[in-house]
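Structure file target07.pdb (PDB, C-alpha atoms, pLDDT in the B column) is printed below.
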```pdb
MODEL        1
ATOM      1  CA  MET A   1      11.102  15.646  19.067  1.00 92.00           C
ATOM      2  CA  LEU A   2      10.265  16.203  15.383  1.00 97.00           C
ATOM      3  CA  THR A   3       6.906  14.820  14.290  1.00 97.00           C
ATOM      4  CA  ILE A   4       6.149  13.510  10.806  1.00 98.00           C
ATOM      5  CA  ILE A   5       3.079  11.768   9.429  1.00 98.00           C
ATOM      6  CA  TYR A   6       3.091   8.767   7.102  1.00 98.00           C
ATOM      7  CA  CYS A   7      -0.122   7.653   5.403  1.00 97.00           C
ATOM      8  CA  ARG A   8      -0.596   4.919   2.808  1.00 95.00           C
ATOM      9  CA  LYS A   9      -3.447   3.222   1.019  1.00 94.00           C
ATOM     10  CA  SER A  10      -2.853   0.177  -1.168  1.00 89.00           C
ATOM     11  CA  ARG A  11      -5.554   1.278  -3.558  1.00 85.00           C
ATOM     12  CA  GLY A  12      -8.403   3.717  -3.437  1.00 84.00           C
ATOM     13  CA  THR A  13      -8.935   7.379  -4.004  1.00 90.00           C
ATOM     14  CA  GLN A  14      -7.035  10.475  -3.039  1.00 93.00           C
ATOM     15  CA  GLU A  15     -10.070  11.382  -0.908  1.00 94.00           C
ATOM     16  CA  GLU A  16      -9.683   8.167   1.128  1.00 93.00           C
ATOM     17  CA  LEU A  17      -5.993   8.894   1.582  1.00 95.00           C
ATOM     18  CA  GLN A  18      -6.841  12.444   2.659  1.00 97.00           C
ATOM     19  CA  ASN A  19      -9.202  11.046   5.314  1.00 96.00           C
ATOM     20  CA  GLN A  20      -6.276   9.095   6.763  1.00 96.00           C
ATOM     21  CA  ILE A  21      -4.090  12.217   6.693  1.00 97.00           C
ATOM     22  CA  ASP A  22      -6.815  14.210   8.470  1.00 97.00           C
ATOM     23  CA  ILE A  23      -7.076  11.552  11.186  1.00 97.00           C
ATOM     24  CA  CYS A  24      -3.321  11.797  11.801  1.00 98.00           C
ATOM     25  CA  ILE A  25      -3.338  15.600  11.758  1.00 98.00           C
ATOM     26  CA  ASN A  26      -6.191  15.717  14.282  1.00 97.00           C
ATOM     27  CA  TYR A  27      -4.377  13.192  16.466  1.00 97.00           C
ATOM     28  CA  CYS A  28      -1.231  15.347  16.404  1.00 98.00           C
ATOM     29  CA  ARG A  29      -3.247  18.449  17.271  1.00 97.00           C
ATOM     30  CA  SER A  30      -4.828  16.677  20.239  1.00 97.00           C
ATOM     31  CA  LYS A  31      -1.334  15.779  21.499  1.00 97.00           C
ATOM     32  CA  GLU A  32      -0.017  19.274  20.661  1.00 97.00           C
ATOM     33  CA  TYR A  33       2.584  17.859  18.250  1.00 97.00           C
ATOM     34  CA  GLU A  34       3.880  20.227  15.594  1.00 97.00           C
ATOM     35  CA  VAL A  35       4.022  18.316  12.309  1.00 98.00           C
ATOM     36  CA  SER A  36       7.214  18.925  10.307  1.00 97.00           C
ATOM     37  CA  GLU A  37       6.415  16.841   7.249  1.00 97.00           C
ATOM     38  CA  ILE A  38       3.627  14.672   5.790  1.00 98.00           C
ATOM     39  CA  PHE A  39       4.444  11.682   3.589  1.00 98.00           C
ATOM     40  CA  SER A  40       1.467  10.063   1.843  1.00 97.00           C
ATOM     41  CA  GLU A  41       0.917   7.763  -1.110  1.00 96.00           C
ATOM     42  CA  ILE A  42      -1.342   5.216  -2.737  1.00 95.00           C
ATOM     43  CA  LYS A  43       1.006   2.230  -3.071  1.00 93.00           C
ATOM     44  CA  SER A  44       1.169  -1.403  -2.011  1.00 89.00           C
ATOM     45  CA  SER A  45       2.921  -2.207   1.250  1.00 84.00           C
ATOM     46  CA  GLN A  46       4.888  -4.774  -0.749  1.00 84.00           C
ATOM     47  CA  ASP A  47       6.418  -2.082  -2.972  1.00 87.00           C
ATOM     48  CA  PHE A  48       9.677  -1.477  -1.105  1.00 84.00           C
ATOM     49  CA  SER A  49      10.677   1.391  -3.375  1.00 91.00           C
ATOM     50  CA  ARG A  50       7.591   3.491  -2.525  1.00 94.00           C
ATOM     51  CA  GLU A  51       8.643   7.074  -3.176  1.00 96.00           C
ATOM     52  CA  CYS A  52       7.196   8.663  -0.030  1.00 97.00           C
ATOM     53  CA  TYR A  53       8.202   5.747   2.189  1.00 97.00           C
ATOM     54  CA  CYS A  54      11.807   6.077   0.959  1.00 97.00           C
ATOM     55  CA  LYS A  55      11.673   9.856   1.518  1.00 98.00           C
ATOM     56  CA  MET A  56      10.446   9.218   5.059  1.00 97.00           C
ATOM     57  CA  LEU A  57      13.378   6.841   5.671  1.00 97.00           C
ATOM     58  CA  GLU A  58      15.786   9.513   4.400  1.00 97.00           C
ATOM     59  CA  TYR A  59      14.159  12.092   6.662  1.00 98.00           C
ATOM     60  CA  ILE A  60      14.739   9.824   9.671  1.00 97.00           C
ATOM     61  CA  LYS A  61      18.372   9.300   8.642  1.00 97.00           C
ATOM     62  CA  GLU A  62      18.901  13.067   8.370  1.00 97.00           C
ATOM     63  CA  HIS A  63      17.271  13.915  11.711  1.00 96.00           C
ATOM     64  CA  ASP A  64      17.510  12.336  15.129  1.00 91.00           C
ATOM     65  CA  ALA A  65      14.556  12.000  17.493  1.00 95.00           C
ATOM     66  CA  VAL A  66      11.731  11.710  14.951  1.00 96.00           C
ATOM     67  CA  ARG A  67       8.212  10.660  15.892  1.00 96.00           C
ATOM     68  CA  VAL A  68       6.485   8.892  12.960  1.00 97.00           C
ATOM     69  CA  VAL A  69       2.707   9.148  13.322  1.00 98.00           C
ATOM     70  CA  CYS A  70       0.455   6.828  11.331  1.00 97.00           C
ATOM     71  CA  THR A  71      -3.045   5.442  11.836  1.00 96.00           C
ATOM     72  CA  ASP A  72      -1.839   1.878  12.223  1.00 90.00           C
ATOM     73  CA  LEU A  73       1.449  -0.006  12.038  1.00 88.00           C
ATOM     74  CA  SER A  74       0.312  -1.781   8.857  1.00 89.00           C
ATOM     75  CA  ARG A  75       0.337   1.560   7.021  1.00 92.00           C
ATOM     76  CA  LEU A  76       4.150   1.452   7.191  1.00 91.00           C
ATOM     77  CA  ASN A  77       4.752  -2.190   6.287  1.00 89.00           C
ATOM     78  CA  ARG A  78       3.040  -5.510   5.917  1.00 84.00           C
ATOM     79  CA  ASN A  79       6.331  -7.330   5.705  1.00 86.00           C
ATOM     80  CA  VAL A  80       8.249  -8.569   8.741  1.00 86.00           C
ATOM     81  CA  VAL A  81      11.732  -7.993   7.300  1.00 87.00           C
ATOM     82  CA  ALA A  82      10.889  -4.436   6.188  1.00 89.00           C
ATOM     83  CA  GLN A  83       9.410  -3.674   9.626  1.00 88.00           C
ATOM     84  CA  ILE A  84      12.510  -5.007  11.407  1.00 89.00           C
ATOM     85  CA  LYS A  85      14.730  -2.829   9.184  1.00 92.00           C
ATOM     86  CA  LEU A  86      12.556   0.194   9.959  1.00 92.00           C
ATOM     87  CA  ASN A  87      12.727  -0.572  13.698  1.00 90.00           C
ATOM     88  CA  ASP A  88      16.526  -0.797  13.520  1.00 92.00           C
ATOM     89  CA  LEU A  89      16.682   2.568  11.738  1.00 94.00           C
ATOM     90  CA  LEU A  90      14.394   4.144  14.345  1.00 93.00           C
ATOM     91  CA  ILE A  91      16.501   2.807  17.219  1.00 91.00           C
ATOM     92  CA  LYS A  92      19.706   4.026  15.565  1.00 94.00           C
ATOM     93  CA  HIS A  93      18.265   7.545  15.246  1.00 95.00           C
ATOM     94  CA  SER A  94      16.461   7.676  18.627  1.00 93.00           C
ATOM     95  CA  SER A  95      13.123   7.773  16.825  1.00 94.00           C
ATOM     96  CA  ILE A  96       9.733   6.171  17.440  1.00 92.00           C
ATOM     97  CA  ILE A  97       6.493   5.145  15.787  1.00 93.00           C
ATOM     98  CA  GLU A  98       3.254   6.388  17.317  1.00 94.00           C
ATOM     99  CA  THR A  99      -0.037   5.114  15.947  1.00 94.00           C
ATOM    100  CA  VAL A 100      -3.420   6.744  16.301  1.00 96.00           C
ATOM    101  CA  ASN A 101      -4.951   3.358  17.155  1.00 89.00           C
ATOM    102  CA  ASN A 102      -2.316   1.928  19.523  1.00 85.00           C
ATOM    103  CA  GLY A 103      -0.121   4.757  20.792  1.00 86.00           C
ATOM    104  CA  ILE A 104       3.677   4.484  20.944  1.00 86.00           C
ATOM    105  CA  ILE A 105       5.189   1.325  19.458  1.00 82.00           C
ATOM    106  CA  LYS A 106       8.086   0.646  21.765  1.00 80.00           C
ATOM    107  CA  THR A 107      11.296  -1.100  20.668  1.00 80.00           C
ATOM    108  CA  ASP A 108      13.335  -0.411  23.808  1.00 79.00           C
ATOM    109  CA  SER A 109      13.385  -3.947  25.215  1.00 82.00           C
ATOM    110  CA  PRO A 110      13.537  -7.517  23.909  1.00 84.00           C
ATOM    111  CA  GLU A 111       9.876  -8.006  24.934  1.00 87.00           C
ATOM    112  CA  ASN A 112       8.719  -4.909  23.036  1.00 81.00           C
ATOM    113  CA  LYS A 113      10.753  -5.882  19.961  1.00 82.00           C
ATOM    114  CA  MET A 114       9.172  -9.341  20.061  1.00 84.00           C
ATOM    115  CA  MET A 115       5.659  -7.848  20.371  1.00 83.00           C
ATOM    116  CA  ASN A 116       6.367  -5.513  17.459  1.00 80.00           C
ATOM    117  CA  ASN A 117       7.537  -8.501  15.380  1.00 83.00           C
ATOM    118  CA  ILE A 118       4.387 -10.436  16.289  1.00 85.00           C
ATOM    119  CA  ILE A 119       2.245  -7.518  15.101  1.00 83.00           C
ATOM    120  CA  ALA A 120       4.305  -7.330  11.897  1.00 80.00           C
ATOM    121  CA  ASN A 121       3.775 -11.074  11.356  1.00 85.00           C
ATOM    122  CA  PHE A 122       0.011 -10.658  11.702  1.00 87.00           C
ATOM    123  CA  ASP A 123       0.072  -7.718   9.265  1.00 81.00           C
ATOM    124  CA  GLU A 124       2.002  -9.801   6.735  1.00 83.00           C
ATOM    125  CA  TYR A 125      -0.352 -12.752   7.270  1.00 90.00           C
ATOM    126  CA  TYR A 126      -3.398 -10.508   6.733  1.00 85.00           C
ATOM    127  CA  TYR A 127      -1.855  -9.152   3.512  1.00 83.00           C
ATOM    128  CA  ASN A 128      -1.235 -12.682   2.202  1.00 83.00           C
ATOM    129  CA  VAL A 129      -4.754 -13.890   3.082  1.00 91.00           C
ATOM    130  CA  THR A 130      -6.310 -10.841   1.379  1.00 86.00           C
ATOM    131  CA  ARG A 131      -4.145 -11.383  -1.700  1.00 83.00           C
ATOM    132  CA  GLN A 132      -5.161 -15.049  -1.850  1.00 92.00           C
ATOM    133  CA  LYS A 133      -8.887 -14.188  -1.553  1.00 90.00           C
ATOM    134  CA  MET A 134      -8.616 -11.572  -4.299  1.00 85.00           C
ATOM    135  CA  HIS A 135      -6.861 -14.060  -6.588  1.00 86.00           C
ATOM    136  CA  LYS A 136      -9.561 -16.689  -5.985  1.00 89.00           C
ATOM    137  CA  GLY A 137     -12.242 -14.071  -6.652  1.00 86.00           C
ATOM    138  CA  LEU A 138     -10.647 -13.145  -9.978  1.00 83.00           C
ATOM    139  CA  ILE A 139     -10.494 -16.808 -11.019  1.00 85.00           C
ATOM    140  CA  GLU A 140     -14.164 -17.346 -10.094  1.00 86.00           C
ATOM    141  CA  ALA A 141     -15.194 -14.201 -11.966  1.00 82.00           C
ATOM    142  CA  ARG A 142     -13.332 -15.365 -15.079  1.00 79.00           C
ATOM    143  CA  LYS A 143     -15.007 -18.794 -14.897  1.00 83.00           C
ATOM    144  CA  LYS A 144     -18.373 -17.006 -14.936  1.00 81.00           C
ATOM    145  CA  GLY A 145     -17.274 -14.799 -17.826  1.00 74.00           C
ATOM    146  CA  ILE A 146     -17.273 -11.686 -15.663  1.00 76.00           C
ATOM    147  CA  ARG A 147     -14.646  -9.137 -16.587  1.00 69.00           C
ATOM    148  CA  VAL A 148     -12.731  -7.522 -13.729  1.00 73.00           C
ATOM    149  CA  GLY A 149     -10.469  -4.603 -14.585  1.00 70.00           C
ATOM    150  CA  ALA A 150     -10.106  -2.178 -17.457  1.00 70.00           C
ATOM    151  CA  LYS A 151     -12.184  -2.475 -20.618  1.00 71.00           C
ATOM    152  CA  LEU A 152     -10.364  -4.176 -23.487  1.00 79.00           C
ATOM    153  CA  PHE A 153     -10.125  -2.539 -26.910  1.00 84.00           C
ATOM    154  CA  GLY A 154     -12.862  -3.836 -29.181  1.00 85.00           C
ATOM    155  CA  TYR A 155     -15.175  -4.881 -26.378  1.00 83.00           C
ATOM    156  CA  ASP A 156     -17.895  -3.299 -24.290  1.00 82.00           C
ATOM    157  CA  ILE A 157     -18.846  -4.390 -20.797  1.00 78.00           C
ATOM    158  CA  VAL A 158     -22.515  -5.304 -20.464  1.00 81.00           C
ATOM    159  CA  ASN A 159     -23.718  -6.743 -17.160  1.00 79.00           C
ATOM    160  CA  LYS A 160     -20.064  -7.231 -16.129  1.00 70.00           C
ATOM    161  CA  ARG A 161     -19.434  -9.376 -19.220  1.00 74.00           C
ATOM    162  CA  LEU A 162     -17.332  -8.646 -22.298  1.00 75.00           C
ATOM    163  CA  VAL A 163     -19.364  -8.128 -25.450  1.00 81.00           C
ATOM    164  CA  ILE A 164     -17.776  -7.552 -28.866  1.00 83.00           C
ATOM    165  CA  ASP A 165     -18.114  -3.966 -30.107  1.00 87.00           C
ATOM    166  CA  PRO A 166     -19.311  -4.457 -33.705  1.00 89.00           C
ATOM    167  CA  GLN A 167     -17.739  -1.167 -34.820  1.00 90.00           C
ATOM    168  CA  LYS A 168     -14.265  -2.357 -33.751  1.00 88.00           C
ATOM    169  CA  ALA A 169     -14.641  -6.090 -34.504  1.00 86.00           C
ATOM    170  CA  ASP A 170     -12.791  -5.938 -37.840  1.00 89.00           C
ATOM    171  CA  VAL A 171      -9.752  -4.290 -36.202  1.00 89.00           C
ATOM    172  CA  VAL A 172      -9.645  -6.905 -33.424  1.00 85.00           C
ATOM    173  CA  LYS A 173      -9.952  -9.766 -35.953  1.00 88.00           C
ATOM    174  CA  ARG A 174      -7.115  -8.271 -38.027  1.00 89.00           C
ATOM    175  CA  VAL A 175      -4.856  -7.937 -34.955  1.00 87.00           C
ATOM    176  CA  TYR A 176      -5.446 -11.586 -33.983  1.00 86.00           C
ATOM    177  CA  LYS A 177      -4.816 -12.690 -37.593  1.00 90.00           C
ATOM    178  CA  LEU A 178      -1.511 -10.785 -37.706  1.00 89.00           C
ATOM    179  CA  ILE A 179      -0.423 -12.305 -34.389  1.00 89.00           C
ATOM    180  CA  ALA A 180      -1.293 -15.798 -35.700  1.00 91.00           C
ATOM    181  CA  GLU A 181       0.863 -15.064 -38.762  1.00 91.00           C
ATOM    182  CA  GLY A 182       3.815 -14.247 -36.498  1.00 89.00           C
ATOM    183  CA  TYR A 183       3.713 -10.466 -36.482  1.00 87.00           C
ATOM    184  CA  SER A 184       4.638  -8.683 -33.284  1.00 82.00           C
ATOM    185  CA  THR A 185       4.823  -5.181 -31.854  1.00 77.00           C
ATOM    186  CA  LYS A 186       8.512  -5.707 -31.165  1.00 72.00           C
TER     187      LYS A 186
ENDMDL
END
```
What do you get writing this file as structure tokens?
Amino acid sequence: MLTIIYCRKSRGTQEELQNQIDICINYCRSKEYEVSEIFSEIKSSQDFSRECYCKMLEYIKEHDAVRVVCTDLSRLNRNVVAQIKLNDLLIKHSSIIETVNNGIIKTDSPENKMMNNIIANFDEYYYNVTRQKMHKGLIEARKKGIRVGAKLFGYDIVNKRLVIDPQKADVVKRVYKLIAEGYSTK
């Protein structure tokens, strides 16, 4: 059976992603699996056109009997429909998912398919709860005048708050005046 690794982080650093890759590589070594390909990316699980995820799907379509190793099922998808589609593809090509944390994810019986779908539902639920908490946190930060994200042109960030940069203030005022007069970048 061919063995491939898929690793994904929604956000973070390349170093964090590499840690996940190393975990999977060490797992494969301990099982004496020879890894044919590694697919890794920093992308949201809700981005269904993820480059490496799509390449992994193509790899499975081109080869039968592929073992997909990942740290956890949620690294592949946090969407029930996407997980069901992946399961169908795996079944069609006599392939499996094996996670470092939970071993082989079986889809060979109605009970195992149901369990896999339950796990996928929890992963999707967790994604939605996290998204909701982050949105609430952004709203609360804005109410307090705390800037979250990239620095805006014409402003400095002091104690997590936007402060006008006096050297760029005239440019910012001119831009706002032009917008008020109906000018646009289009």
Item to complete: With the file shown as input, list the residues that the PyMOL selection byres ((chain A and resi 123-127) around 8) selects, as a list in words.
Response: Ser74, Asn77, Arg78, Asn79, Val80, Ile119, Ala120, Asn121, Phe122, Asn128, Val129, Thr130 and Arg131 of chain A
Item to complete: Could you tell me which residues the PyMOL selection byres ((chain A and resi 5) around 7) returns for this structure, as a list in words?
Response: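 Applied to this file, the PyMOL selection byres ((chain A and resi 5) around 7) selects Thr3, Ile4, Tyr6, Cys7, Cys24, Glu37, Ile38, Phe39, Val68, Val69 and Cys70 of chain A.
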Discussion item. Neighbouring residues of A:Lys173 were defined as those with any atom within 12 Å, considering only C-alpha atoms; residues of the same chain fewer than 6 positions away were excluded. Please report them as a PyMOL selection string.
Written reply: chain A and resi 153-155+164-167+179-180
Worksheet entry | For atom CA of A:Arg67 and atom CA of A:Glu34, the interatomic separation in Å (one decimal) |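 Going from atom CA of A:Arg67 over to atom CA of A:Glu34 covers 10.5 Å.
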Practice prompt. May I ask for the distance between atom CA of A:Ser10 and atom CA of A:Phe48, given in Å to one decimal place?
Written response: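 Distance between the two atoms: 12.6 Å.
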Worksheet item: To one decimal place, how far is atom CA of A:Ala150 from atom CA of A:Glu51 in Å?
Response: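 Computed distance, atom CA of A:Ala150 to atom CA of A:Glu51, equals 25.3 Å.
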Residue list as a JSON list (two decimals) with C-alpha atoms, in the frame of the given file for point (-4.3, 9.9, -6.5), cut-off 7 Å, only C-alpha atoms:
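Saved to point.json:
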```json
[["chain", "number", "residue", "atom", "x", "y", "z"],
["A", 13, "THR", "CA", -8.94, 7.38, -4.00],
["A", 14, "GLN", "CA", -7.04, 10.48, -3.04],
["A", 42, "ILE", "CA", -1.34, 5.22, -2.74]]
```
Discussion item. Counting only C-alpha atoms, I want the residues whose atoms come within 12 Å of (12.2, 5.9, 4.0) in the file frame, returned as an NGL selection string.
Written reply: :A and (4 or 6 or 39-40 or 48-62 or 68 or 76-77 or 82-83 or 85-87 or 89-90)
Please write as a PDB file with C-alpha atoms, in the coordinates of the input the full residue list that the PyMOL selection byres ((chain A and resi 20) around 9) yields on this file.
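The resulting file, part_14.pdb, is shown below:
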```pdb
ATOM      1  CA  CYS A   7      -0.122   7.653   5.403  1.00 97.00           C
ATOM      2  CA  ARG A   8      -0.596   4.919   2.808  1.00 95.00           C
ATOM      3  CA  LYS A   9      -3.447   3.222   1.019  1.00 94.00           C
ATOM      4  CA  GLU A  15     -10.070  11.382  -0.908  1.00 94.00           C
ATOM      5  CA  GLU A  16      -9.683   8.167   1.128  1.00 93.00           C
ATOM      6  CA  LEU A  17      -5.993   8.894   1.582  1.00 95.00           C
ATOM      7  CA  GLN A  18      -6.841  12.444   2.659  1.00 97.00           C
ATOM      8  CA  ASN A  19      -9.202  11.046   5.314  1.00 96.00           C
ATOM      9  CA  ILE A  21      -4.090  12.217   6.693  1.00 97.00           C
ATOM     10  CA  ASP A  22      -6.815  14.210   8.470  1.00 97.00           C
ATOM     11  CA  ILE A  23      -7.076  11.552  11.186  1.00 97.00           C
ATOM     12  CA  CYS A  24      -3.321  11.797  11.801  1.00 98.00           C
ATOM     13  CA  ILE A  25      -3.338  15.600  11.758  1.00 98.00           C
ATOM     14  CA  CYS A  70       0.455   6.828  11.331  1.00 97.00           C
ATOM     15  CA  THR A  71      -3.045   5.442  11.836  1.00 96.00           C
TER      16      THR A  71
END
```
Discussion item. With distances taken over all atoms listed in the file, which residue among A:Tyr33, A:Ile84, A:Gln132, A:Lys144 lies nearest A:Met115?
Written reply: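 That would be A:Ile84, the residue with the smallest distance to A:Met115.
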Worksheet item: Which of these residues is nearest to A:Ser109, using all atoms listed in the file: A:Leu162, A:Ile91, A:Met1, A:Leu178?
Response: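 Going through A:Leu162, A:Ile91, A:Met1, A:Leu178 one by one, the smallest distance to A:Ser109 is for A:Ile91.
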Worksheet, complete the sentence: Restricting to only C-alpha atoms, whichever of A:Arg142, A:Val100, A:Ala65, A:Gln46 is closest to A:Arg29 is A:Val100
Fill in: Residue neighbourhood A:Asn101, 10 Å, all atoms listed in the file, exclusion window fewer than 3 positions, as a list in words
Tyr27, Cys70, Thr71, Asp72, Leu73, Glu98 and Ile104 of chain A
What box, with edges along x, y and z, holds each listed atom of stretch 143-146 of chain A when 8 Å is added on every side, and can you state its centre and edge lengths in Å to one decimal, as AutoDock Vina command-line options?
```
--center_x -16.7 --center_y -15.2 --center_z -16.4 --size_x 19.4 --size_y 23.1 --size_z 18.9
```
Residues near A:Val148, cut-off 9 Å, all atoms listed in the file, skip fewer than 4 positions along chain, as a compact mmCIF listing (two decimals) with C-alpha atoms, in the coordinates of the input:
```txt
# COMPACT_ATOMS: atom_id res chain seq x y z
CA LEU A 138 -10.65 -13.14 -9.98
CA ALA A 141 -15.19 -14.20 -11.97
CA ARG A 142 -13.33 -15.36 -15.08
CA LYS A 160 -20.06 -7.23 -16.13
CA ARG A 161 -19.43 -9.38 -19.22
```
